[in-house]
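Coordinates from model-v5.csv are shown below (CSV, C-alpha atoms and all ligand atoms).
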chain,number,residue,atom,x,y,z
A,1,MET,CA,19.7,1.4,40.9
A,2,HIS,CA,20.3,0.4,37.3
A,3,SER,CA,21.1,-3.0,36.1
A,4,SER,CA,22.2,-4.0,32.6
A,5,SER,CA,18.7,-5.2,31.9
A,6,ASP,CA,17.3,-1.6,32.2
A,7,GLY,CA,18.4,-0.7,28.7
A,8,PRO,CA,16.1,-3.0,26.7
A,9,ASP,CA,13.3,-2.4,29.1
A,10,LEU,CA,13.5,1.4,28.8
A,11,ARG,CA,13.7,1.1,25.0
A,12,GLU,CA,10.7,-1.2,25.0
A,13,MET,CA,8.7,1.3,27.1
A,14,TRP,CA,9.7,4.2,24.9
A,15,LEU,CA,8.7,2.3,21.8
A,16,GLN,CA,5.4,1.4,23.5
A,17,GLN,CA,4.8,5.1,24.3
A,18,ARG,CA,5.5,6.1,20.7
A,19,ALA,CA,3.1,3.5,19.4
A,20,THR,CA,0.3,4.4,21.8
A,21,GLY,CA,0.8,8.1,21.0
A,22,ALA,CA,0.6,7.5,17.3
A,23,LEU,CA,-2.5,5.3,17.6
A,24,ASP,CA,-4.2,7.7,19.9
A,25,ARG,CA,-3.6,10.6,17.5
A,26,PHE,CA,-4.8,8.4,14.6
A,27,ASN,CA,-8.0,7.5,16.5
A,28,ASP,CA,-8.6,11.1,17.3
A,29,ARG,CA,-8.9,11.9,13.6
A,30,THR,CA,-10.8,8.7,12.7
A,31,PRO,CA,-14.5,9.5,12.0
A,32,ALA,CA,-16.7,8.3,14.9
A,33,ILE,CA,-18.4,5.3,13.3
A,34,TYR,CA,-15.1,4.0,12.0
A,35,ARG,CA,-13.4,3.9,15.4
A,36,LEU,CA,-15.2,0.7,16.4
A,37,PRO,CA,-12.7,-2.1,16.1
A,38,ILE,CA,-13.8,-4.7,13.6
A,39,GLU,CA,-12.5,-7.9,12.2
A,40,THR,CA,-11.4,-7.5,8.6
A,41,PRO,CA,-11.6,-10.2,5.9
A,42,ALA,CA,-8.6,-12.6,6.1
A,43,THR,CA,-7.1,-11.3,2.8
A,44,VAL,CA,-7.2,-7.8,4.2
A,45,ALA,CA,-5.7,-8.7,7.5
A,46,GLU,CA,-2.9,-10.6,5.7
A,47,TRP,CA,-2.0,-7.5,3.7
A,48,VAL,CA,-1.0,-5.7,6.9
A,49,ALA,CA,1.6,-8.3,7.5
A,50,GLY,CA,2.8,-8.1,3.9
A,51,TRP,CA,5.3,-5.3,4.0
A,52,GLY,CA,7.2,-4.5,0.9
A,53,GLY,CA,5.2,-1.7,-0.9
A,54,ASN,CA,2.3,-3.7,-2.2
A,55,SER,CA,-0.9,-1.6,-2.1
A,56,LEU,CA,-4.4,-2.6,-1.2
A,57,PHE,CA,-7.6,-2.1,-3.2
A,58,LEU,CA,-11.0,-2.7,-1.5
A,59,THR,CA,-13.9,-3.0,-3.8
A,60,GLY,CA,-17.5,-4.0,-3.5
A,61,PRO,CA,-21.1,-2.8,-3.5
A,62,ILE,CA,-22.4,0.1,-1.4
A,63,GLY,CA,-22.4,-0.3,2.4
A,64,VAL,CA,-20.6,-3.6,2.4
A,65,GLY,CA,-17.9,-2.2,4.8
A,66,LYS,CA,-15.0,-1.0,2.5
A,67,THR,CA,-14.3,2.2,4.3
A,68,HIS,CA,-14.5,0.7,7.8
A,69,ALA,CA,-12.2,-2.1,6.7
A,70,ALA,CA,-9.8,0.5,5.3
A,71,TRP,CA,-9.7,2.6,8.6
A,72,GLN,CA,-9.2,-0.6,10.6
A,73,THR,CA,-6.4,-1.6,8.2
A,74,CYS,CA,-4.7,1.8,8.7
A,75,ARG,CA,-4.9,1.1,12.5
A,76,ASN,CA,-3.5,-2.4,12.0
A,77,TRP,CA,-0.8,-1.0,9.8
A,78,LEU,CA,0.2,1.6,12.4
A,79,THR,CA,0.2,-1.0,15.1
A,80,ALA,CA,2.5,-3.2,13.0
A,81,PHE,CA,4.7,-0.3,12.1
A,82,TYR,CA,5.5,0.4,15.7
A,83,GLY,CA,5.3,-3.2,16.7
A,84,PRO,CA,8.1,-5.3,18.2
A,85,ASP,CA,8.7,-7.2,14.9
A,86,ARG,CA,10.0,-4.1,13.2
A,87,SER,CA,13.2,-2.4,14.0
A,88,TRP,CA,12.7,1.3,14.8
A,89,GLN,CA,12.3,3.3,11.6
A,90,GLY,CA,11.2,6.8,12.8
A,91,SER,CA,7.6,7.8,12.8
A,92,ALA,CA,5.0,7.0,10.2
A,93,LYS,CA,2.8,9.5,8.4
A,94,VAL,CA,-0.6,8.2,7.4
A,95,TYR,CA,-2.7,10.4,5.2
A,96,THR,CA,-6.4,9.7,4.8
A,97,TYR,CA,-8.5,11.5,2.3
A,98,ARG,CA,-12.0,11.2,0.8
A,99,SER,CA,-11.5,11.6,-2.9
A,100,THR,CA,-13.9,14.5,-2.9
A,101,ALA,CA,-11.8,16.5,-0.4
A,102,LEU,CA,-8.6,15.4,-2.1
A,103,PHE,CA,-9.6,16.4,-5.6
A,104,ASP,CA,-10.9,19.7,-4.1
A,105,ALA,CA,-7.6,20.4,-2.5
A,106,LEU,CA,-5.7,19.7,-5.7
A,107,ARG,CA,-7.8,22.2,-7.7
A,108,PRO,CA,-5.9,24.9,-9.7
A,109,ASP,CA,-7.6,27.8,-8.1
A,110,GLY,CA,-6.1,27.4,-4.6
A,111,PRO,CA,-2.7,28.8,-3.6
A,112,ASP,CA,0.2,27.1,-5.5
A,113,GLU,CA,2.3,26.7,-2.5
A,114,VAL,CA,-0.4,24.9,-0.4
A,115,ARG,CA,-1.0,22.5,-3.3
A,116,ARG,CA,2.7,21.8,-3.8
A,117,THR,CA,3.1,21.0,-0.1
A,118,LEU,CA,0.1,18.7,-0.2
A,119,ILE,CA,1.4,16.8,-3.2
A,120,LYS,CA,4.8,16.4,-1.6
A,121,GLU,CA,3.3,15.1,1.6
A,122,LEU,CA,1.2,12.6,-0.4
A,123,GLN,CA,4.2,11.5,-2.4
A,124,ASP,CA,6.3,10.9,0.8
A,125,ALA,CA,3.9,9.7,3.4
A,126,GLU,CA,4.5,6.1,4.6
A,127,LEU,CA,0.8,5.3,3.9
A,128,VAL,CA,-2.0,7.0,2.0
A,129,PHE,CA,-5.6,6.0,2.2
A,130,ILE,CA,-8.0,7.4,-0.4
A,131,ASP,CA,-11.6,6.6,0.2
A,132,ASP,CA,-14.1,6.1,-2.6
A,133,ILE,CA,-11.7,7.1,-5.4
A,134,ALA,CA,-14.4,7.0,-8.1
A,135,ALA,CA,-16.9,9.1,-6.2
A,136,ALA,CA,-15.6,12.5,-7.1
A,137,LYS,CA,-15.6,14.3,-10.5
A,138,VAL,CA,-12.2,14.7,-12.1
A,139,THR,CA,-10.7,17.2,-14.5
A,140,GLU,CA,-7.6,16.7,-16.6
A,141,TRP,CA,-5.8,18.9,-14.2
A,142,THR,CA,-6.7,16.7,-11.2
A,143,GLN,CA,-5.6,13.6,-13.2
A,144,GLU,CA,-2.2,15.3,-13.8
A,145,ARG,CA,-1.8,16.0,-10.1
A,146,LEU,CA,-2.9,12.4,-9.2
A,147,PHE,CA,-0.2,11.2,-11.6
A,148,GLU,CA,2.4,13.2,-9.8
A,149,ILE,CA,1.4,11.6,-6.5
A,150,PHE,CA,0.9,8.1,-7.7
A,151,ASP,CA,4.0,8.0,-10.0
A,152,GLU,CA,6.3,9.0,-7.1
A,153,ARG,CA,4.7,6.4,-4.8
A,154,TYR,CA,4.8,3.8,-7.5
A,155,ILE,CA,8.5,4.2,-8.3
A,156,ASN,CA,9.4,4.2,-4.5
A,157,ARG,CA,7.1,1.3,-3.7
A,158,ARG,CA,5.1,3.3,-1.2
A,159,PRO,CA,1.7,1.7,-0.4
A,160,VAL,CA,-1.8,3.2,-0.9
A,161,ILE,CA,-5.1,1.8,0.3
A,162,ILE,CA,-8.0,2.6,-2.0
A,163,THR,CA,-11.7,1.9,-1.6
A,164,SER,CA,-14.0,2.0,-4.6
A,165,ASP,CA,-17.2,0.6,-5.9
A,166,VAL,CA,-15.4,0.6,-9.3
A,167,LEU,CA,-12.9,-2.2,-10.2
A,168,PRO,CA,-9.3,-1.2,-10.7
A,169,GLY,CA,-9.6,-2.2,-14.4
A,170,ASP,CA,-12.3,0.4,-14.8
A,171,LEU,CA,-10.6,3.3,-13.1
A,172,SER,CA,-9.1,4.9,-16.3
A,173,PRO,CA,-11.9,7.5,-16.8
A,174,VAL,CA,-11.5,8.6,-13.2
A,175,THR,CA,-7.7,8.7,-12.6
A,176,GLY,CA,-6.5,8.8,-16.2
A,177,PRO,CA,-4.9,5.8,-17.9
A,178,ARG,CA,-1.4,6.3,-16.5
A,179,VAL,CA,-2.5,6.2,-12.9
A,180,ALA,CA,-4.8,3.3,-13.6
A,181,SER,CA,-1.9,1.4,-15.1
A,182,ARG,CA,0.3,2.0,-12.1
A,183,LEU,CA,-2.4,1.2,-9.7
A,184,ALA,CA,-3.0,-2.2,-11.4
A,185,GLU,CA,0.6,-3.1,-10.7
A,186,MET,CA,0.7,-1.6,-7.2
A,187,CYS,CA,-2.4,-3.6,-6.2
A,188,ARG,CA,-1.6,-6.8,-8.0
A,189,GLY,CA,-2.5,-9.7,-5.8
A,190,SER,CA,-4.2,-7.5,-3.2
A,191,VAL,CA,-7.5,-6.5,-4.8
A,192,VAL,CA,-10.1,-7.6,-2.4
A,193,LEU,CA,-13.7,-8.0,-3.5
A,194,MET,CA,-15.9,-7.5,-0.4
A,195,ASP,CA,-19.1,-9.2,-1.0
A,196,GLY,CA,-22.3,-9.0,1.0
A,197,ASN,CA,-25.3,-6.9,1.9
A,198,ASP,CA,-25.6,-3.2,2.6
A,199,ARG,CA,-24.8,-3.1,6.3
A,200,ARG,CA,-26.5,0.2,6.7
A,201,LYS,CA,-29.8,-1.4,5.8
A,202,GLN,CA,-29.2,-4.3,8.2
A,203,VAL,CA,-28.7,-1.8,11.0
A,204,ALA,CA,-31.9,0.0,10.1
A,205,ALA,CA,-33.9,-3.3,9.9
A,301,LIG,N1,-17.1,-5.6,10.1
A,301,LIG,C1,-18.0,-4.8,10.5
A,301,LIG,N2,-18.7,-5.0,11.6
A,301,LIG,C2,-19.6,-4.1,12.0
A,301,LIG,N3,-20.0,-3.0,11.4
A,301,LIG,C3,-19.4,-2.8,10.2
A,301,LIG,C4,-18.4,-3.6,9.7
A,301,LIG,N4,-18.0,-3.1,8.5
A,301,LIG,C5,-18.7,-2.0,8.3
A,301,LIG,N5,-19.6,-1.8,9.3
A,301,LIG,C6,-20.6,-0.7,9.4
A,301,LIG,O1,-21.4,-0.8,8.3
A,301,LIG,C7,-21.7,0.5,7.8
A,301,LIG,C8,-21.2,0.7,6.3
A,301,LIG,O2,-19.8,0.5,6.3
A,301,LIG,P1,-18.9,1.4,5.3
A,301,LIG,O3,-19.2,2.8,5.4
A,301,LIG,O4,-17.5,0.9,5.6
A,301,LIG,O5,-19.4,0.8,3.9
A,301,LIG,P2,-18.8,1.1,2.4
A,301,LIG,O6,-18.6,-0.2,1.8
A,301,LIG,O7,-17.6,2.0,2.5
A,301,LIG,O8,-20.0,1.9,1.8
A,301,LIG,P3,-20.0,3.0,0.5
A,301,LIG,O9,-19.8,2.2,-0.7
A,301,LIG,O10,-21.4,3.6,0.6
A,301,LIG,O11,-18.9,4.0,0.8
A,301,LIG,C9,-21.0,1.5,8.7
A,301,LIG,O12,-22.0,1.9,9.7
A,301,LIG,C10,-19.9,0.7,9.3
A,301,LIG,O13,-19.5,1.1,10.6
A,302,MG,MG,-17.2,4.0,1.9
Starting from the file, lay out its structure as structure tokens.
Amino acid sequence: MHSSSDGPDLREMWLQQRATGALDRFNDRTPAIYRLPIETPATVAEWVAGWGGNSLFLTGPIGVGKTHAAWQTCRNWLTAFYGPDRSWQGSAKVYTYRSTALFDALRPDGPDEVRRTLIKELQDAELVFIDDIAAAKVTEWTQERLFEIFDERYINRRPVIITSDVLPGDLSPVTGPRVASRLAEMCRGSVVLMDGNDRRKQVAA
């Protein structure tokens, strides 16, 4: 028998299932070591709550935990996206790329159509995480493709999460000056310097 209270309960269950499904799929494509749930620094955790298009830039020395914090933040972001505090806004696409793989995929020698599709997906996705942005070699061609991606995200206030051992102010040689300029504005107020020791060495000790 149905009562008038069935409606909200069913909707709640349906939303819960969508959230669980999205998080399960995200966990499946998370690299094994970054699946471990961790506490992120307070400033990083606060960013998740700060909707409105602001991006997040995690910087700091090797092994301090930037990449792990970024994966955890993507999970937190997805949880919040499907959470009860937000009215239903369809499903969220979260793209995660190492800079090396991304720059490779953007190269001019691959099929045009595949590259155009990737650029469009990276322009439109609800969240894009690029790991270690300064780790890969860039060409002028890659910088132009990055500009296409970042300019579209910038003008539409779509967030990115970037990790890097290079500060945003020093990114020009990697991304080109126009992307670096946009990133500076996108990440204003949410550049987090993660300080500490190389956790890999602590594990080995
Ligand atoms: N808060 C945490 N609690 C426990 N382990 C952590 C935490 N953060 C990171 N780690 C672990 O520390 C190691 C290094 O973390 P991570 O790969 O995120 O570092 P990184 O700053 O991205 O390094 P790199 O600059 O070399 O890319 C990994 O094994 C990771 O799982
Ligand atoms: Mg890393």
What does the list of residues within 12 Å of ligand LIG 301 (chain A) look like if you count all atoms listed in the file, written as a VMD selection string? chain A and resid 30 to 42 44 58 to 73 98 to 99 130 to 135 162 to 166 193 to 204
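Comparing A:Tyr97, A:Gln143, A:Met13, A:Ile155 by their smallest distance to ligand MG 302 (chain A), the closest is A:Tyr97 (using all atoms listed in the file).
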Taking only C-alpha atoms into account, name the residue in A:Cys74, A:Leu122, A:Leu23, A:Val174 that is nearest to Val48 of chain A.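 Of the candidates, the smallest distance to Val48 of chain A is held by A:Cys74.
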Measuring atom to atom with only C-alpha atoms, identify which of A:Ala45, A:Ala19, A:Val138, A:Val160 is nearest to Thr96 of chain A.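 For Thr96 of chain A, the nearest of the given residues is A:Val160.
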Between atom CA of Phe26 of chain A and atom CA of Arg75 of chain A - distance in Å to one decimal: 7.6 Å
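Picture a line from atom CA of Phe150 of chain A to atom CA of Phe81 of chain A; it runs 21.8 Å.
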Separating atom CA of Val114 of chain A from atom MG of ligand MG 302 (chain A), to the nearest tenth of an Å, is a gap of 26.9 Å
Looking at A:Glu113, A:Leu10, A:Asn76, A:Phe129, which one is nearest to ligand MG 302 (chain A), with distances taken over all atoms listed in the file?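 Under the stated criterion, the closest residue is A:Phe129.
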So which one's closest to Gly189 of chain A, A:Pro84, A:Pro168, A:Gly90, A:Pro108? Using only C-alpha atoms, please. A:Pro168
Nearby residues (all atoms listed in the file) at most 7 Å from Val94 of chain A, same-chain spacing under 4 positions excluded, as an MDAnalysis selection string: chainID A and resid 125:128
Taking (-3.9, 10.3, -16.7) in the coordinates of the supplied file, I want to know which residues reach to within 10 Å of it, counting all atoms listed in the file; could you give the answer as a ChimeraX atom specification? /A:139-148,172-181
Residue with smallest distance to Ala92 of chain A - pool A:Ala22, A:Ile149, A:Ala49, A:Ile119, counting all atoms listed in the file: A:Ala22
